[in-house]
Amino acid sequence: LNNLAVQKIYPAINLNTFSPVEIPQKNKYELFSTGRLHWKKGYNCAIEALDILKKRGTQVKLNIAGTGKDYERIKFLAFSKGIALTCFPT
């Protein structure tokens, strides 16, 4: 490793300003995300995670502000899992 160039990537969020908080357990969650609708963004993982919550009895909804070539794929995955999804064009 001594001969390799290593670059440390810092978080985009100032961790001194924002810190983890205890999230109260609820029966209903509505998530909001911004970003282009592309497989790299991992929206499929978010939908799979929401599906797990849904199967445990939690009501979930996903809102995405963004557009992209994977809109139909993401919309269909959410529909097939019974996840409420709204996409807002930006």
# chains A, B, ... in the order shown; residues from 1 in each chain; ligands from 1
call {"tool": "residues_around", "arguments": {"residues": "A:Ile52", "least_positions_apart": "6", "cutoff": "10 Å", "atoms": "only C-alpha atoms", "output": "number ranges by chain"}}
result
A: 46, 58, 81
call {"tool": "select_by_dssp", "arguments": {"residues": "chain A", "states": "strand (DSSP E or B)", "output": "short mmCIF file (atom, residue, chain, number, x, y, z; two decimals) with N, CA, C and O atoms, in the first residue's frame"}}
result
data_model
loop_
_atom_site.label_atom_id
_atom_site.label_comp_id
_atom_site.auth_asym_id
_atom_site.auth_seq_id
_atom_site.Cartn_x
_atom_site.Cartn_y
_atom_site.Cartn_z
N LYS A 28 -45.95 3.81 9.78
CA LYS A 28 -46.08 4.43 8.47
C LYS A 28 -44.86 5.31 8.21
O LYS A 28 -44.48 6.12 9.05
N TYR A 29 -44.22 5.11 7.04
CA TYR A 29 -43.07 5.91 6.65
C TYR A 29 -43.26 6.40 5.22
O TYR A 29 -43.71 5.66 4.35
N GLU A 30 -42.89 7.66 5.00
CA GLU A 30 -42.88 8.23 3.66
C GLU A 30 -41.48 8.76 3.42
O GLU A 30 -41.00 9.62 4.15
N LEU A 31 -40.80 8.21 2.43
CA LEU A 31 -39.42 8.59 2.14
C LEU A 31 -39.38 9.49 0.91
O LEU A 31 -40.17 9.34 -0.02
N PHE A 32 -38.43 10.42 0.92
CA PHE A 32 -38.25 11.32 -0.20
C PHE A 32 -36.79 11.30 -0.61
O PHE A 32 -35.90 11.38 0.23
N SER A 33 -36.55 11.16 -1.92
CA SER A 33 -35.19 11.11 -2.43
C SER A 33 -35.10 11.97 -3.67
O SER A 33 -36.09 12.18 -4.38
N THR A 34 -33.91 12.49 -3.93
CA THR A 34 -33.67 13.22 -5.16
C THR A 34 -32.55 12.54 -5.92
O THR A 34 -31.60 12.02 -5.32
N GLN A 59 -46.68 0.62 6.69
CA GLN A 59 -47.11 1.29 5.47
C GLN A 59 -45.95 2.15 4.97
O GLN A 59 -45.34 2.89 5.74
N VAL A 60 -45.63 2.04 3.68
CA VAL A 60 -44.50 2.77 3.13
C VAL A 60 -44.87 3.46 1.83
O VAL A 60 -45.74 3.00 1.09
N LYS A 61 -44.20 4.58 1.57
CA LYS A 61 -44.37 5.30 0.31
C LYS A 61 -43.02 5.90 -0.04
O LYS A 61 -42.30 6.40 0.83
N LEU A 62 -42.67 5.85 -1.32
CA LEU A 62 -41.40 6.40 -1.80
C LEU A 62 -41.69 7.51 -2.80
O LEU A 62 -42.46 7.32 -3.75
N ASN A 63 -41.10 8.67 -2.58
CA ASN A 63 -41.20 9.81 -3.49
C ASN A 63 -39.81 10.10 -4.03
O ASN A 63 -38.85 10.19 -3.25
N ILE A 64 -39.70 10.25 -5.33
CA ILE A 64 -38.41 10.55 -5.94
C ILE A 64 -38.55 11.79 -6.81
O ILE A 64 -39.43 11.84 -7.68
N ALA A 65 -37.70 12.78 -6.58
CA ALA A 65 -37.63 13.96 -7.44
C ALA A 65 -36.50 13.71 -8.42
O ALA A 65 -35.33 13.76 -8.07
N ALA A 84 -46.08 2.12 -2.89
CA ALA A 84 -46.55 3.39 -3.45
C ALA A 84 -45.33 4.21 -3.87
O ALA A 84 -44.44 4.46 -3.07
N LEU A 85 -45.29 4.61 -5.13
CA LEU A 85 -44.15 5.37 -5.67
C LEU A 85 -44.67 6.55 -6.45
O LEU A 85 -45.55 6.41 -7.29
N THR A 86 -44.11 7.72 -6.17
CA THR A 86 -44.41 8.92 -6.96
C THR A 86 -43.09 9.49 -7.42
O THR A 86 -42.15 9.66 -6.63
N CYS A 87 -42.99 9.78 -8.71
CA CYS A 87 -41.78 10.40 -9.27
C CYS A 87 -42.15 11.80 -9.75
O CYS A 87 -43.13 11.98 -10.48
N PHE A 88 -41.37 12.78 -9.32
CA PHE A 88 -41.57 14.16 -9.71
C PHE A 88 -40.47 14.56 -10.68
O PHE A 88 -39.30 14.50 -10.32
#
call {"tool": "select_by_dssp", "arguments": {"residues": "chain A", "states": "alpha helix (DSSP H)", "output": "list in words"}}
result
Tyr43, Asn44, Cys45, Ala46, Ile47, Glu48, Ala49, Leu50, Asp51, Ile52, Leu53, Lys54, Lys55, Tyr71, Glu72, Arg73, Ile74, Lys75, Phe76, Leu77, Ala78, Phe79, Ser80 and Lys81 of chain A
call {"tool": "atom_distance", "arguments": {"atom1": "atom CA of A:Lys8", "atom2": "atom CA of A:Arg36"}}
result
25.5 Å
call {"tool": "atom_distance", "arguments": {"atom1": "atom CA of A:Lys69", "atom2": "atom CA of A:Ile83"}}
result
20.0 Å
call {"tool": "atom_distance", "arguments": {"atom1": "atom CA of A:Phe79", "atom2": "atom CA of A:Tyr43"}}
result
13.2 Å
call {"tool": "closest_residue", "arguments": {"among": "A:Leu37, A:Val21, A:Val6, A:Leu53", "to": "A:Gly68", "atoms": "only C-alpha atoms"}}
result
A:Leu37
call {"tool": "closest_residue", "arguments": {"among": "A:Thr67, A:Phe18, A:Lys26, A:Lys55", "to": "A:Lys41", "atoms": "only C-alpha atoms"}}
result
A:Thr67
call {"tool": "closest_residue", "arguments": {"among": "A:Leu15, A:Ile9, A:Leu4, A:Ala78", "to": "A:Ala49", "atoms": "only C-alpha atoms"}}
result
A:Ala78
